[in-house]
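In what follows, a single structure is set out as structure tokens and then discussed.
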Amino acid sequence: MKLNGGQPPNTQIPELTTRQTATTRPTGPLTAGTDASVRIDPSLTARQQLAQLQMANRETALARVAEVLQQKGGGHELILELKGRSLAVNTGNRPPDLSVGDLVKVMRANNELQLMGKLAASQESTIARALAQRLPWQQNLQSGLAQLVKAMEVGIKPQPQPGQLPSTTPAQPLPVAARQALEGVLSQLPQANKLPPGSGSQQNVASQVKQWLSESGAFAESRLLQSNPSSPAPNDLKLALTRAVASLLASQNQGAEHFNRLTPTASREFLQAPLQFPQTTTPSAQTSSEPTSTGQMLRLLAGMLNRITVNQLHSQTLTARAGADPGTPVNTQLIDLPWLNPQQEPKIAQLRLEQYEHSREDNDKPQQRTSISEWRLTLSMDMDEAGPLHFDVSFRPPSVSAQVWAEKQSTLRQVHQELPLLRKSLTDLGLEVGELDCRRGCPQQTQTRLEHRLVDTKA
């Protein structure tokens, strides 16, 4: 039975006909890492096929193009993913103006299925594609900053002249602009001795932490748009790394197009688990004592910029999925925050901040429900003497609870001794303190679902 594919104005979507042959063709899954959706038997009548979709008359739905197939007779066939099922349809002899992954709006009209139009690419799918392009090329900020510090001390090797061997090229100091940019980065990084226990008021501490987070690079573009064009660029890790790139390119008389052609340096741990956050594995060690070349420095900077950008895009994608599944956060922010230990060596603190919305009945108005936010903070960092530490903090006003994980037994004992003081400090702030606990080891991590359905657009 033919399904009328009445076309709306200014669309090039062809007429659809259900494929009524006894042969079934396996269809690809809707998203990577998930099982293929249930296929509707193409030998059924159009009425039966639409009944299986459980679509009411005049009901509209979104379908995803899973496959575009060409038949022997010159016609074309689409496999549509609709309401968790795969539906095979004929489009006639004219090639469809559709591609795999496109979203189309369909409507049931009695026993016919009409195409109402093709949807433009969603913001979520655009962000996901940009994220996928950068995933394999992330450089750990801790090891990257350590190499930049080394380059400031021993210099870098410029590109060798024609006929000159790279090994005989003497190291030269960093270009002045690049050194100034990197010095600015290091001077703004949090330092281990900046916030000793009991120092300053709570307001001053919160202000300092807020400044460090704002300068982490995660909000670079937003801060740049909000700043006065006539004023200097704001202190920011991502912007400073970009200025270092520009100065290195200028020193070699090269433009931005050269930088775009470089293959960024990638850290091994991000190749194995590119989206895991926080990343608890030890950063890749750099054992070479030779000065790096200008090209290697540019590739390193490209990988570090990719790492910051991946965190930004990852945060946006997770936030865009807010409410897609029960129990998912409505807002997520992932931040790599570099800091300096007492020996002025770069370290990384990884912060994952999530906001959840819960509803509850109003005691004064039982018929009404109010929304309350719960904030969850995950903090992971590796201290020199204390070793790796992981913090899970949950705050639902006015109640707060926390769990600390320490991998060293000596650190575990020390944290247990400090828990009563922590409880008292939180109580003094007017908070209701729930569970405070410390455990040996590290928290069990689950792979983010985004990694398994990276470019999925929910219909």
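As shown in the structure tokens, the chain order sets the letters A, B, ...; within each chain, residues go from 1, and ligands are also counted from 1 in the order they appear.
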| field | Neighbour list for A:Leu237 as a PyMOL selection string, cut-off 12 Å, only C-alpha atoms, skip fewer than 2 positions in-chain | value | chain A and resi 141+145+181-190+212-221+223+233-235+239-244+301+304-305+307-309+335-339
Given the selection you just returned, output its residues as a file containing C-alpha atoms, formatted as a short mmCIF file (atom, residue, chain, number, x, y, z; two decimals), in the first residue's frame.
data_model
loop_
_atom_site.label_atom_id
_atom_site.label_comp_id
_atom_site.auth_asym_id
_atom_site.auth_seq_id
_atom_site.Cartn_x
_atom_site.Cartn_y
_atom_site.Cartn_z
CA LEU A 141 47.78 20.01 30.81
CA LEU A 145 52.81 22.83 31.27
CA ALA A 181 52.43 34.82 27.73
CA LEU A 182 53.68 31.71 29.54
CA GLU A 183 55.03 33.72 32.47
CA GLY A 184 51.60 35.29 32.79
CA VAL A 185 50.02 31.83 32.87
CA LEU A 186 52.33 30.59 35.63
CA SER A 187 51.94 33.74 37.72
CA GLN A 188 48.15 33.35 37.73
CA LEU A 189 48.06 29.64 38.62
CA PRO A 190 46.87 28.65 42.10
CA TRP A 212 41.02 30.63 39.60
CA LEU A 213 38.11 28.81 37.99
CA SER A 214 37.24 31.75 35.73
CA GLU A 215 40.86 31.87 34.48
CA SER A 216 41.10 28.12 33.83
CA GLY A 217 40.28 28.49 30.12
CA ALA A 218 36.84 26.91 30.40
CA PHE A 219 35.17 30.32 29.97
CA ALA A 220 37.69 31.96 27.63
CA GLU A 221 35.34 32.83 24.77
CA ARG A 223 34.99 36.30 29.01
CA ALA A 233 42.63 40.60 27.13
CA PRO A 234 41.59 38.97 30.42
CA ASN A 235 43.98 36.66 32.24
CA LEU A 239 43.96 32.82 25.68
CA ALA A 240 47.54 32.85 26.99
CA LEU A 241 48.32 29.57 25.21
CA THR A 242 46.83 31.04 22.03
CA ARG A 243 49.09 34.10 22.35
CA ALA A 244 52.09 31.80 22.76
CA LEU A 301 50.28 23.72 22.43
CA MET A 304 46.73 21.46 25.20
CA LEU A 305 44.25 23.78 23.48
CA ARG A 307 42.19 19.42 25.86
CA ILE A 308 40.60 22.63 27.11
CA THR A 309 38.23 22.72 24.14
CA ILE A 335 37.32 21.87 34.43
CA ASP A 336 41.03 21.04 34.47
CA LEU A 337 42.50 23.52 36.94
CA PRO A 338 46.33 23.72 36.84
CA TRP A 339 48.13 24.67 40.05
#
| request: Just the strand (DSSP E or B) stuff from stretch 294-455 of chain A, please, per backbone DSSP, written as a ChimeraX atom specification. | output: /A:331-340,346-361,369-383,387-396,399-406,432-440
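Take the candidates A:Asn253, A:Ser125, A:Thr60, A:Gln350 and check each one against A:Leu318 using only C-alpha atoms; the shortest distance goes to A:Ser125.
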| task | Name all residues at most 9 Å from A:Val330 (count only C-alpha atoms; drop same-chain ones fewer than 3 positions away) and give them as number ranges by chain. | result | A: 318-323, 354-357
| task | Write out as a ChimeraX atom specification each polymer residue whose atoms come within 8 Å of A:Leu53, counting only C-alpha atoms; drop sequence neighbours fewer than 6 positions from it. | result | /A:82-83,85
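Between atom CA of A:Leu148 and atom CA of A:Asp236 the separation is 16.2 Å.
Closest approach to A:Thr411 among A:Ala250, A:Met107, A:Leu429, A:Ala386: A:Ala386, based on only C-alpha atoms.
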| query | Tell me, which residues of stretch 46-271 of chain A carry DSSP alpha helix (DSSP H), written as a PyMOL selection string? | reply | chain A and resi 46-53+123-134+141-154+176-188+202-214+220-226+237-251+256-261+268-271
